[in-house]
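Asker: This one is protein-v9.csv, CSV, C-alpha atoms.
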```
chain,number,residue,atom,x,y,z
W,1,MET,CA,0.5,16.5,-14.0
W,2,LYS,CA,-0.4,13.4,-11.9
W,3,ARG,CA,1.4,11.1,-14.4
W,4,LEU,CA,4.5,13.3,-14.3
W,5,LEU,CA,4.6,13.3,-10.5
W,6,THR,CA,4.1,9.5,-10.6
W,7,LEU,CA,7.0,9.0,-13.0
W,8,LEU,CA,9.4,11.3,-11.1
W,9,LEU,CA,8.6,9.6,-7.8
W,10,LEU,CA,9.1,6.1,-9.2
W,11,THR,CA,12.4,7.1,-10.9
W,12,ALA,CA,13.8,8.8,-7.8
W,13,LEU,CA,13.0,5.9,-5.4
W,14,LEU,CA,14.1,3.2,-7.7
W,15,SER,CA,17.4,5.1,-8.3
W,16,ALA,CA,17.9,5.3,-4.5
W,17,VAL,CA,17.4,1.5,-4.2
W,18,THR,CA,19.9,0.9,-7.0
W,19,ASP,CA,22.5,3.2,-5.4
W,20,SER,CA,22.1,1.6,-2.0
W,21,LYS,CA,22.6,-1.8,-3.5
W,22,ALA,CA,25.8,-0.7,-5.2
W,23,GLN,CA,27.2,0.8,-2.0
W,24,ARG,CA,26.4,-2.3,0.1
W,25,ARG,CA,27.5,-5.0,-2.4
W,26,GLY,CA,29.9,-7.5,-0.9
W,27,LYS,CA,28.8,-7.1,2.7
W,28,SER,CA,27.2,-9.8,4.8
W,29,HIS,CA,23.5,-10.1,5.1
W,30,ALA,CA,23.7,-9.0,8.8
W,31,SER,CA,25.1,-5.6,7.9
W,32,SER,CA,23.6,-5.0,4.5
W,33,PHE,CA,20.5,-3.9,2.7
W,34,ASP,CA,18.1,-6.5,1.3
W,35,TYR,CA,15.7,-6.1,-1.5
W,36,GLU,CA,12.2,-7.3,-2.4
W,37,ILE,CA,9.7,-7.4,-5.2
W,38,ARG,CA,6.1,-8.0,-4.3
W,39,GLY,CA,2.7,-8.3,-6.0
W,40,GLY,CA,-0.7,-9.7,-5.6
W,41,ILE,CA,-4.4,-9.0,-4.9
W,42,ASN,CA,-6.2,-6.2,-3.0
W,43,PHE,CA,-9.5,-6.7,-1.3
W,44,SER,CA,-10.8,-3.1,-0.7
W,45,GLN,CA,-13.6,-1.0,0.6
W,46,ILE,CA,-14.1,2.7,1.4
W,47,ASP,CA,-15.4,3.4,4.9
W,48,GLY,CA,-18.0,6.2,4.8
W,49,ASP,CA,-19.4,5.6,1.3
W,50,GLY,CA,-22.3,3.3,2.3
W,51,SER,CA,-20.5,0.0,1.5
W,52,GLY,CA,-19.2,-2.4,4.1
W,53,ASN,CA,-17.5,-5.3,2.4
W,54,TYR,CA,-14.0,-6.0,1.0
W,55,ASN,CA,-15.6,-6.7,-2.4
W,56,LYS,CA,-13.6,-4.4,-4.6
W,57,ILE,CA,-10.9,-6.5,-6.1
W,58,GLY,CA,-7.7,-4.8,-7.3
W,59,PHE,CA,-3.9,-5.4,-7.5
W,60,HIS,CA,-0.7,-4.2,-6.0
W,61,VAL,CA,2.9,-4.4,-7.2
W,62,GLY,CA,6.0,-2.8,-5.9
W,63,ALA,CA,9.7,-3.0,-5.0
W,64,GLY,CA,11.5,-2.1,-1.8
W,65,THR,CA,14.7,-2.3,0.3
W,66,SER,CA,15.4,-2.5,4.0
W,67,MET,CA,18.4,-1.5,6.1
W,68,PRO,CA,19.5,-2.9,9.5
W,69,LEU,CA,18.8,-0.9,12.6
W,70,SER,CA,20.3,-3.2,15.2
W,71,GLY,CA,23.6,-5.1,15.5
W,72,ASP,CA,22.0,-8.5,14.7
W,73,ALA,CA,20.1,-6.8,11.8
W,74,ARG,CA,16.7,-8.2,12.9
W,75,TRP,CA,15.3,-4.7,13.4
W,76,ARG,CA,15.1,-3.1,10.0
W,77,LEU,CA,13.8,0.0,8.3
W,78,CYS,CA,11.8,-0.8,5.1
W,79,VAL,CA,11.2,1.6,2.2
W,80,GLU,CA,9.0,0.6,-0.8
W,81,VAL,CA,7.5,2.2,-3.8
W,82,GLY,CA,4.7,0.7,-5.9
W,83,LEU,CA,1.2,0.8,-7.3
W,84,SER,CA,-1.9,-0.2,-5.4
W,85,GLN,CA,-5.5,-0.3,-6.7
W,86,LYS,CA,-8.1,0.6,-4.1
W,87,GLY,CA,-11.8,1.5,-4.0
W,88,ALA,CA,-15.2,0.0,-3.4
W,89,HIS,CA,-18.0,-1.8,-5.1
W,90,ILE,CA,-21.5,-0.6,-3.9
W,91,VAL,CA,-24.6,-2.6,-4.8
W,92,ASN,CA,-28.0,-1.5,-3.7
W,93,ASP,CA,-31.6,-0.9,-5.0
W,94,VAL,CA,-30.5,2.4,-6.6
W,95,PHE,CA,-27.3,1.6,-8.5
W,96,ASN,CA,-24.3,-0.6,-9.0
W,97,ARG,CA,-21.3,1.6,-8.3
W,98,ARG,CA,-17.6,0.7,-8.8
W,99,ILE,CA,-14.9,3.1,-7.4
W,100,SER,CA,-11.4,2.4,-8.7
W,101,LEU,CA,-8.6,4.4,-7.2
W,102,LEU,CA,-5.0,3.8,-8.4
W,103,TYR,CA,-2.3,5.1,-6.1
W,104,VAL,CA,1.5,5.4,-6.1
W,105,GLU,CA,2.4,4.3,-2.6
W,106,VAL,CA,5.6,4.8,-0.6
W,107,PRO,CA,5.3,2.6,2.5
W,108,LEU,CA,7.8,3.4,5.3
W,109,MET,CA,7.9,0.6,7.9
W,110,LEU,CA,9.7,-0.7,10.9
W,111,ALA,CA,10.2,-4.5,10.7
W,112,TYR,CA,11.5,-7.3,12.8
W,113,ASP,CA,12.8,-10.7,11.5
W,114,PHE,CA,11.8,-13.7,13.6
W,115,LEU,CA,13.1,-17.3,13.7
W,116,ASP,CA,16.7,-18.5,13.4
W,117,SER,CA,16.2,-18.4,9.6
W,118,ARG,CA,14.9,-14.8,9.7
W,119,ASN,CA,12.2,-16.0,7.3
W,120,LEU,CA,9.3,-14.5,9.3
W,121,ARG,CA,9.1,-10.7,9.1
W,122,VAL,CA,6.5,-8.6,10.8
W,123,SER,CA,6.3,-4.9,9.9
W,124,ALA,CA,4.2,-1.7,10.6
W,125,GLY,CA,4.3,1.9,9.6
W,126,LEU,CA,2.9,4.4,7.1
W,127,ALA,CA,2.1,4.2,3.4
W,128,PRO,CA,1.6,7.7,2.1
W,129,ALA,CA,0.2,7.7,-1.5
W,130,ILE,CA,-0.4,9.9,-4.5
W,131,LEU,CA,-3.6,9.3,-6.6
W,132,ALA,CA,-2.6,8.5,-10.1
W,133,ALA,CA,-6.1,7.7,-11.5
W,134,ALA,CA,-9.7,7.7,-10.3
W,135,ARG,CA,-12.7,6.1,-12.1
W,136,VAL,CA,-16.2,5.8,-10.8
W,137,THR,CA,-18.9,4.1,-12.8
W,138,ASP,CA,-22.7,3.8,-12.0
W,139,ASP,CA,-24.2,0.8,-13.8
W,140,LYS,CA,-21.1,0.8,-16.0
W,141,ALA,CA,-21.6,4.4,-17.0
W,142,LEU,CA,-18.7,6.8,-16.2
W,143,ASN,CA,-19.6,9.3,-13.4
W,144,ASN,CA,-17.3,12.2,-14.0
W,145,SER,CA,-18.2,14.3,-10.9
W,146,HIS,CA,-17.5,11.4,-8.5
W,147,SER,CA,-14.4,10.4,-10.4
W,148,ASN,CA,-13.0,13.9,-9.7
W,149,ASN,CA,-14.0,14.0,-6.1
W,150,TYR,CA,-10.9,12.3,-4.7
W,151,LYS,CA,-7.9,14.1,-3.2
W,152,LEU,CA,-4.4,13.9,-4.9
W,153,ILE,CA,-2.7,12.9,-1.6
W,154,ASP,CA,-3.6,10.2,0.9
W,155,ALA,CA,-1.0,11.3,3.4
W,156,LEU,CA,-1.6,9.1,6.4
W,157,PRO,CA,-2.6,5.5,5.7
W,158,LEU,CA,-1.4,3.1,8.5
W,159,THR,CA,-0.2,-0.3,7.4
W,160,ALA,CA,0.9,-3.5,9.1
W,161,GLY,CA,2.0,-6.8,7.6
W,162,VAL,CA,3.6,-10.2,7.9
W,163,ARG,CA,5.8,-12.0,5.3
W,164,TYR,CA,7.0,-15.6,5.4
W,165,ARG,CA,9.7,-16.8,3.1
W,166,ILE,CA,9.1,-20.3,1.9
W,167,THR,CA,12.5,-20.5,0.3
W,168,ASP,CA,15.5,-18.2,0.4
W,169,HIS,CA,13.9,-16.0,-2.2
W,170,ILE,CA,10.2,-16.8,-2.5
W,171,GLY,CA,7.6,-15.8,0.1
W,172,VAL,CA,4.0,-15.0,0.8
W,173,ASP,CA,2.7,-11.9,2.6
W,174,LEU,CA,-0.4,-10.4,4.1
W,175,ARG,CA,-0.9,-6.7,4.7
W,176,TYR,CA,-3.6,-4.5,6.1
W,177,CYS,CA,-3.9,-0.8,5.3
W,178,ASN,CA,-6.3,1.9,6.7
W,179,SER,CA,-6.4,5.6,5.8
W,180,MET,CA,-6.5,8.0,8.7
W,181,LEU,CA,-7.4,11.1,6.7
W,182,ASN,CA,-10.4,11.8,4.5
W,183,ILE,CA,-9.7,10.9,0.9
W,184,ALA,CA,-12.7,12.7,-0.7
W,185,LYS,CA,-12.9,16.5,-1.5
W,186,GLU,CA,-16.7,16.7,-0.7
W,187,ASN,CA,-18.8,14.3,1.4
W,188,GLY,CA,-22.6,14.2,1.6
W,189,SER,CA,-22.2,11.7,4.5
W,190,GLY,CA,-19.5,9.6,6.0
W,191,THR,CA,-17.7,8.3,9.0
W,192,TYR,CA,-14.7,9.7,10.9
W,193,ARG,CA,-11.2,8.8,12.1
W,194,ILE,CA,-9.2,10.2,15.1
W,195,SER,CA,-11.7,13.1,15.6
W,196,ARG,CA,-15.2,14.1,14.5
W,197,ALA,CA,-13.7,17.0,12.5
W,198,ASN,CA,-11.9,14.5,10.3
W,199,LYS,CA,-15.1,13.2,8.6
W,200,GLY,CA,-15.5,11.7,5.2
W,201,GLN,CA,-14.3,8.6,3.3
W,202,PHE,CA,-11.3,6.4,4.1
W,203,ASN,CA,-9.6,3.6,2.2
W,204,ARG,CA,-9.4,0.3,3.9
W,205,LEU,CA,-8.0,-2.9,2.4
W,206,ILE,CA,-6.3,-6.3,2.8
W,207,GLN,CA,-3.5,-7.3,0.5
W,208,ALA,CA,-2.3,-10.9,-0.2
W,209,GLY,CA,0.5,-11.7,-2.5
W,210,ILE,CA,3.9,-13.2,-3.4
W,211,THR,CA,7.3,-11.8,-2.7
W,212,ILE,CA,10.7,-12.3,-4.3
W,213,SER,CA,13.7,-11.4,-2.0
W,214,PHE,CA,17.3,-10.7,-2.8
W,215,ASN,CA,20.2,-10.2,-0.3
```
Mind turning the file's structure into structure tokens?
Answerer:
Amino acid sequence: MKRLLTLLLLTALLSAVTDSKAQRRGKSHASSFDYEIRGGINFSQIDGDGSGNYNKIGFHVGAGTSMPLSGDARWRLCVEVGLSQKGAHIVNDVFNRRISLLYVEVPLMLAYDFLDSRNLRVSAGLAPAILAAARVTDDKALNNSHSNNYKLIDALPLTAGVRYRITDHIGVDLRYCNSMLNIAKENGSGTYRISRANKGQFNRLIQAGITISFN
């Protein structure tokens, strides 16, 4: 069921990007959509699980488009779809645990393009996500109960990022993401966000990567 939802979501959003590109073809950059492919490395942790370092290494890959919201097209609404591997690596005297959570993300962000070249883009927004796969191992042995303890939906991760284009098409970006709602079904302990009633575990990560842009 998760794989079917993932496939349907990717298909629908990529179709929307393609349709938008066809509708806007031939217009100037100042009044048109732009498009971007991005990918790179995640440095992740889970707040509330007993770990405290960004030492779970993963990946992210995705594609997106943005539309102008202002007359000069500097303010833009960005929509993306992609895969992002999150989780944590917990090492202590009891065990060596690795938590790997693969999500289908749909970031929705407000962005602004700085500089005369518009090469510097700063963005912020939400990145709701569907859990596509979860795997927890203790000393390299699969832990089924913990693998099944993560919710299907991470509905309210906040995200902020900056991207700088080195050339007209190639850029580098840095992004920070932090879940605001508990991602675990059951919690023996944990921290909280927003209010004490919202207690449990929360994804937190830093992304660094490369972008390829098209106008």
Asker: Write out as a VMD selection string the residues lying within 6 Å of segment 142-155 of chain W, counting only C-alpha atoms and excluding same-chain residues fewer than 5 positions away.
Answerer: chain W and resid 128 to 131 134 to 137 183 to 185
Asker: Excluding Leu101 of chain W and residues on its chain fewer than 2 positions from it, collect all residues at most 8 Å away from it, counting all atoms listed in the file, and give them as JSON, numbers by chain.
Answerer: {"W": [85, 86, 87, 99, 103, 131, 132, 133, 134, 135]}
Asker: Find, counting all atoms listed in the file, the residue in W:Ser84, W:Asn119, W:Thr65, W:Ser32 that gets nearest to Leu205 of chain W.
Answerer: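 Closest candidate: W:Ser84.
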Asker: Kindly extract all protein, DNA and RNA residues lying within 6 Å of the coordinates (-15.0, 6.9, -2.1) given in the file, considering all atoms listed in the file, and supply them as a count of residues only.
Answerer: 3
Asker: I'd like the interatomic distance between atom CA of Gly190 of chain W and atom CA of Asn203 of chain W, to a tenth of an Å.
Answerer: 12.2 Å
Asker: Do you have the atom CA of Ile210 of chain W-atom CA of Ala160 of chain W distance handy?
Answerer: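 We find that atom CA of Ile210 of chain W and atom CA of Ala160 of chain W lie 16.1 Å from each other.
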Asker: Of the residues W:Gly48, W:Pro107, W:Gly58, W:Pro68, which is the one nearest to Ala127 of chain W, using only C-alpha atoms?
Answerer: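 When distances to Ala127 of chain W are compared using only C-alpha atoms, the smallest one comes from W:Pro107.
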Asker: Could you list, as a ChimeraX atom specification, every residue within 9 Å of segment 75-81 of chain W, counting only C-alpha atoms and ignoring same-chain residues fewer than 5 positions away?
Answerer: /W:9-10,13-14,17,36,61-70,104-113,123,127
Asker: Hey, which of W:Val91, W:Leu174, W:Ala141, W:Ile37 ends up closest to Gly50 of chain W? Count all atoms listed in the file.
Answerer: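 Closest to Gly50 of chain W of all the choices is W:Val91.
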Asker: For Gly171 of chain W, which residue out of W:Gly39, W:Glu186, W:Arg193, W:Asp116 is the nearest one, using only C-alpha atoms?
Answerer: W:Gly39
Asker: Do you have the atom CA of Gly71 of chain W-atom CA of Tyr176 of chain W distance handy?
Answerer: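 Atom CA of Gly71 of chain W sits 28.8 Å away from atom CA of Tyr176 of chain W.
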Asker: Using all atoms listed in the file, which of W:Gly125, W:Asp139, W:Phe43, W:Asp72 sits nearest Val94 of chain W?
Answerer: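 Once distances to Val94 of chain W are computed over all atoms listed in the file, the minimum belongs to W:Asp139.
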Asker: Rank nothing, just name the residue among W:Lys56, W:Arg196, W:Arg165, W:Arg175 nearest to Arg97 of chain W, using only C-alpha atoms.
Answerer: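 Among the listed residues, the smallest separation from Arg97 of chain W belongs to W:Lys56.
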Asker: Return segment 108-124 of chain W, completed with N, CA, C and O atoms, as a JSON list (two decimals), in the coordinates of the input.
Answerer:
```json
[["chain", "number", "residue", "atom", "x", "y", "z"],
["W", 108, "LEU", "N", 6.64, 3.21, 4.41],
["W", 108, "LEU", "CA", 7.80, 3.40, 5.30],
["W", 108, "LEU", "C", 7.50, 2.60, 6.56],
["W", 108, "LEU", "O", 6.60, 2.99, 7.32],
["W", 109, "MET", "N", 8.24, 1.51, 6.82],
["W", 109, "MET", "CA", 7.90, 0.60, 7.90],
["W", 109, "MET", "C", 9.04, 0.19, 8.76],
["W", 109, "MET", "O", 10.18, 0.10, 8.28],
["W", 110, "LEU", "N", 8.74, -0.06, 10.02],
["W", 110, "LEU", "CA", 9.70, -0.70, 10.90],
["W", 110, "LEU", "C", 9.38, -2.17, 10.96],
["W", 110, "LEU", "O", 8.22, -2.56, 11.13],
["W", 111, "ALA", "N", 10.40, -3.01, 10.80],
["W", 111, "ALA", "CA", 10.20, -4.50, 10.70],
["W", 111, "ALA", "C", 11.12, -5.21, 11.65],
["W", 111, "ALA", "O", 12.18, -4.70, 12.05],
["W", 112, "TYR", "N", 10.69, -6.43, 11.99],
["W", 112, "TYR", "CA", 11.50, -7.30, 12.80],
["W", 112, "TYR", "C", 11.50, -8.70, 12.17],
["W", 112, "TYR", "O", 10.44, -9.22, 11.81],
["W", 113, "ASP", "N", 12.68, -9.32, 12.05],
["W", 113, "ASP", "CA", 12.80, -10.70, 11.50],
["W", 113, "ASP", "C", 12.85, -11.70, 12.60],
["W", 113, "ASP", "O", 13.77, -11.69, 13.44],
["W", 114, "PHE", "N", 11.88, -12.62, 12.60],
["W", 114, "PHE", "CA", 11.80, -13.70, 13.60],
["W", 114, "PHE", "C", 12.40, -14.97, 13.09],
["W", 114, "PHE", "O", 12.70, -15.11, 11.91],
["W", 115, "LEU", "N", 12.54, -15.93, 13.98],
["W", 115, "LEU", "CA", 13.10, -17.30, 13.70],
["W", 115, "LEU", "C", 14.57, -17.24, 13.46],
["W", 115, "LEU", "O", 15.13, -16.21, 13.05],
["W", 116, "ASP", "N", 15.23, -18.38, 13.66],
["W", 116, "ASP", "CA", 16.70, -18.50, 13.40],
["W", 116, "ASP", "C", 16.95, -18.22, 11.91],
["W", 116, "ASP", "O", 17.98, -17.66, 11.55],
["W", 117, "SER", "N", 16.02, -18.63, 11.06],
["W", 117, "SER", "CA", 16.20, -18.40, 9.60],
["W", 117, "SER", "C", 15.90, -17.02, 9.17],
["W", 117, "SER", "O", 16.19, -16.65, 8.03],
["W", 118, "ARG", "N", 15.29, -16.22, 10.05],
["W", 118, "ARG", "CA", 14.90, -14.80, 9.70],
["W", 118, "ARG", "C", 13.82, -14.81, 8.62],
["W", 118, "ARG", "O", 13.64, -13.80, 7.94],
["W", 119, "ASN", "N", 13.14, -15.91, 8.41],
["W", 119, "ASN", "CA", 12.20, -16.00, 7.30],
["W", 119, "ASN", "C", 10.83, -15.34, 7.61],
["W", 119, "ASN", "O", 10.05, -15.06, 6.70],
["W", 120, "LEU", "N", 10.54, -15.10, 8.89],
["W", 120, "LEU", "CA", 9.30, -14.50, 9.30],
["W", 120, "LEU", "C", 9.53, -13.01, 9.62],
["W", 120, "LEU", "O", 10.26, -12.70, 10.57],
["W", 121, "ARG", "N", 8.93, -12.12, 8.84],
["W", 121, "ARG", "CA", 9.10, -10.70, 9.10],
["W", 121, "ARG", "C", 7.76, -10.03, 9.36],
["W", 121, "ARG", "O", 6.79, -10.19, 8.60],
["W", 122, "VAL", "N", 7.68, -9.31, 10.46],
["W", 122, "VAL", "CA", 6.50, -8.60, 10.80],
["W", 122, "VAL", "C", 6.83, -7.07, 10.76],
["W", 122, "VAL", "O", 7.90, -6.64, 11.23],
["W", 123, "SER", "N", 5.95, -6.28, 10.17],
["W", 123, "SER", "CA", 6.30, -4.90, 9.90],
["W", 123, "SER", "C", 5.04, -3.99, 10.18],
["W", 123, "SER", "O", 3.90, -4.46, 10.11],
["W", 124, "ALA", "N", 5.30, -2.72, 10.45],
["W", 124, "ALA", "CA", 4.20, -1.70, 10.60],
["W", 124, "ALA", "C", 4.76, -0.36, 10.35],
["W", 124, "ALA", "O", 5.95, -0.09, 10.55]]
```
